[in-house]
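Engineer: Shown below is the structure under consideration.
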Amino acid sequence: MATPEALEGWFAARGFAPAAFQREAWTAQAEGRSGLVNAPTGRGKTLAVAGGPLRGALADAPTAPQLLWITPLKALAEDTRRALQAVAEGCGAMQAIPASAGARAGKPAPLRVGLRSGDAGSAERARARRGADAWLVSTPESLSGLLSHGDTAEALSRLRWLVVDEWHELLGSKRGVLLQLAIARLRALNPGLRVWGVSATVGNPDEALAALCPDPRDPRRPHPDAVRIVDPRPKPIELATLLPATGERFPFAGHLGLKQLPRVLQAILAAPSSLLFTNTRAQAELWHQALAAVWPEDPSTLALHHGSLDANLRRAAEDGLRAGRLRCVVATSSLDLGVDFPDVAQVLQVGSPKGVARLVQRAGRSGHRPGEPSRVVAVPSHALEIVEYAALRRALADGRLEPRLPPRLCLDVLAQHVVSCAVAGPTDADALLAEVRGTHAFAGLADSAWTAVLAFVERGGEALQHYPEYRRVERDASGRLVVTDRRQQLRHRLSIGTITGDGHLTVQLLKGGRLGSVEESFLGRLNPGEVFQFAGRALELVQLRDMTAYVRIAKTKAGNVPRWAGGTLPLSATLGEAVQAELAGQGGEGGEGPERAASAPLRALQSRLSALPAPGRLLAEVIATRDGPRLFVYPFAGRHVHEGLAALVALRLGRLAPNTFTLAANDYGFVLAPHTKRGFAALGLDAAMLRRALSPEGLQDDLAASLNLSELARRQFREVARIAGLLPPSLPGRAPRSLRSLQASSSLLFDVLRQHDPGHLLLAQAEAEVFEAQLDATRLRATLDAAARAGLVLATPPTLTPLAFPLWAEQQRGTLSTEDWKARVERAAALLEDAHGD
DNA sequence: GACCTGCTGCGGGATG
């Protein structure tokens with residue numbers, strides 16, 4: 001029989017002593033506490049949170065299931081299962097777990113680590129439901145699925161430990177909200193459950209802890225017994241920026257960064273292996289194509305990885321990297337976390353990482369071994385991004401990181417959870433409400449909101465109550481919530497989860513496998529015979545059928561790259577402020593890198609032509625361009641906020657003198673172009689007038705008036721309705737529903753509700769999300785408040801300034817000629833040859 | 001008048 005010392009022995013046998021933070025976590029776990037562990041990747045966080053359960057398994061021989069481990073990714077779940085099994089076997093815990101209730105008595109079961117995710121087979125699923133395995137690894141969605149089975153409650157009530165891995169990834173999304181609700185359920189089943197999280201460093205650690213271990217008396221604060229354990233050893237990040245040579249022209253705008261191709265290739269060839277991160281899938285395809293054109297080695301050593309590629313292609317890239325067969329992988333956020341790559345020597349980031357935390361996350365993909373620094377090569381694609389990297393270097397040195405804000409009061413997610421509970425078995429509504437209010441996400445939930453959620457799951461709400469398909473939840477004789485109809489149960493289990501997104505066509509080779517998926521709208525515009533670039537190759541469209549695009553490898557190399565309509569990554573507030581400070585020369589003394597010197601000419605030019613923005617000084621410029629006057633404003637608050645602000649200011653200026661404006665926004669600011677030629681002169685625009693246009697007063701009403709809110713809400717409604725279970729789920733194994741069919745049913749529902757039930761909770765939810773998620777209203781208000789306090793500088797430079805130029809270019813988009821992509825690559829290749837020739 | 005964006009993630013279950 002193994003002993004608790006076996007854990008220490010396991011370490012000792014491998015020649016290293018447990019780190020202080022690991023011991024600290026084990027001690028807290030032994031005291032029966034819950035908590036959160038913060039440490040950089042590759043620092044033994046897994047062992048820190050597995051140590052307590054493992055010791056328990058060695059000492060007390062508890063009944064299975066003992067531990068449930070949640071990860072945000074299926075691939076990570078599989079990796080974790082293997083790692084945990086190895087640890088358990090290595091510690092001699094194999095004999096420790098007595099047979100579970102269902103198994104034959106007398107024979108102890110080995111400490112088996114099970115897997116319950118969408119990829120698990122039916123035998124594995126059955127084991128999970130019985131609680132047959134001592135440890136179980138799963139995803140948030142699969143946990144909700146498990147909880148929707150009444151017969152798992154008994155097994156789950158024996159659970160002693162819950163671990164949430166990569167909590168920072170879930171914390172800020174509805175997936176995290178769903179998990180909070182599931183955890184509340186597990187706590188109700190077993191009040192003694194210990195909950196541990198593992199997270200990268202975030203800017204709001206207390207909130208991260210509270211969302212996982214809420215104080216029952218005030219769920220928006222952490223439980224008084226919960227601990228946060230931090231690995232204090234720094235994980236150094238070496239930042240090297242590829243800067244233009246002295247005197248070299250560097251673009252003031254543009255995001256592709258291909259001008260840097262020769263330098264990037266040089267950097268890649270100088271290291272044994274690299275990950276090249278881009279911000280978008282299209283950009284990844286283009287960079288892969290550009291690199292392939294000048295790749296001096298075996299073509300099979302260069303690979304591509306992004307979220308729209310088929311799982312098999314992605315796995316091939318991951319395996320190749322792990323086996324050391326690949327020299328470079330071009331990737332998007334799809335490789336931000338998950339699979340371990342011990343051998344990546346360096347990470348390259350093309351363009352702006354948009355936030356400090358994202359750079360840290362990506363940097364963490366290199367230098368995985370303890371004591372090794374992470375190496376990042378920054379590839380700015382235009383001049384202002386050099387300033388961004390100067391700011392990033394300072395922020396890294398100061399340890400400033402973005403918060404991940406946990407969403408609150410998502411009634412669509414709550415509705416889904418209530419149905420899950422009722423599907424599992426008769427549920428007392430009052431008890432459930434108390435449980436729900438005990439989470440960070442639903443602390444202080446109003447009685448009226450709860451009533452509306454119940455009305456919705458029981459009848460669909462007022463307008464839909466005559467349609468039987470929206471009557472999902474019934475009441476049993478004692479008034480408890482139940483779902484007895486088996487079709488409804490199945491349908492509900494199919495629609496568990498908060499991830500939405502459809503309208504994608506599968507791309508399939510006529511001879512061969514699936515390559516991935518592409519936006520319906522992109523392929524819909526192509527005719528058979530036309531060529532496009534995808535999955536790193538030129539493909540010819542043969543035909544479209546059943547939501548599948550059949551393709552063959554094209555003979556020609558030309559072709560457009562699909563654009564995916566993805567989310568947008570606005571510049572974070574933390575980075576925006578750092579950039580402002582950097583521009584103003586307030587970046588801080590000491591430790592500055594070469595970026596500051598390299599960006600000095602830009603700052604000098606901006607200062608000479610206009611003025612420099614600064615924290616507490618909002619800069620606006622009116623510039624007479626060839627096409628007429630333009631108003632530029634630079635709050636550095638990210639693209640979303642600027643889009644809202646541009647519409648707001650346009651509305652308010654238009655009230656003073658009727659006019660219409662063309663708007664454009666980027667991460668640094670926005671521009672207004674009046675349609676009438678006299679424009680701002682006719683307005684007599686001055687600082688005082690602009691200040692009024694930027695006033696926080698009447699914000700909500702003016703925003704609503706300035707934007708087509710109902711159209712925005714209509715789109716958001718589809719996501720909300722899907723999560724709340726109002727739209728039929730697509731069935732596994734069948735072709736996904738087309739965007740048009742989904743839009744039709746969601747749009748119809750939207751109109752019905754608007755007309756007959758305008759107070760419906762899902763409409764309110766959709767509108768709230770337009771404000772919060774799309775417009776970033778909280779940040780927008782904060783920006784206006786700051787602007788109201790800040791000094792406003794209205795400059796009238798004689799010509800476009802470095803800050804104005806990218807916005808001007810953005811506005812010109814589409815009106816100017818397109819440069820041939822191939823010519824561009826050839827030019828870059830020629831540059832590279834020149835560089836070699838030197 | 002230097003130039004062309006837009007991420008990631010998951011998911012039934014009973015029966016032969």
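Going through the structure tokens in order, the chains are called A, B, and so on, while each chain numbers its residues from 1 and the ligands are numbered from 1 in the order shown.
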How close does chain B get to chain A? List, as a Markdown table, each residue of chain B within 6 Å, its nearest atom pair and the distance in Å to one decimal, counting only C-alpha atoms (C1' of nucleotides).
Structural biologist:
| residue | atom | partner | partner_atom | distance |
| --- | --- | --- | --- | --- |
| B:DC3 | C1' | A:Ala809 | CA | 5.9 |
| B:DC4 | C1' | A:Arg813 | CA | 5.6 |
| B:DG6 | C1' | A:Thr568 | CA | 4.9 |
| B:DC7 | C1' | A:Ser333 | CA | 5.8 |
| B:DG11 | C1' | A:Leu494 | CA | 6.0 |
Engineer: DSSP on the backbone: what in stretch 248-368 of chain A comes out helix (DSSP H, G or I), as a count of residues only?
Structural biologist: 52
Engineer: Write out as a ChimeraX atom specification the residues lying within 12 Å of stretch 436-439 of chain A, counting only C-alpha atoms (C1' of nucleotides) and excluding same-chain residues fewer than 5 positions away.
Structural biologist: /A:176-188,207,209-223,406-411,413-415,417-418,421,429-431,444-447,449-450
Engineer: Mind listing the strand (DSSP E or B) residues of stretch 328-401 of chain A, per DSSP on the backbone, as a list of chain:residue names?
Structural biologist: A:Cys328, A:Val329, A:Val330, A:Ala331, A:Gln346, A:Val347, A:Leu348, A:Gln349, A:Val350, A:Ser374, A:Arg375, A:Val376, A:Val377, A:Ala378, A:Val379
Engineer: What is the atom CA of A:Ala88-atom CA of A:Arg112 distance in Å, reported with one decimal?
Structural biologist: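 That distance, rounded to one decimal, is 8.4 Å.
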Engineer: Of the candidates A:Gly121, A:Gly32, A:Gly512, A:Gly320, which one gets nearest to B:DG13 if we count only C-alpha atoms (C1' of nucleotides)?
Structural biologist: A:Gly121
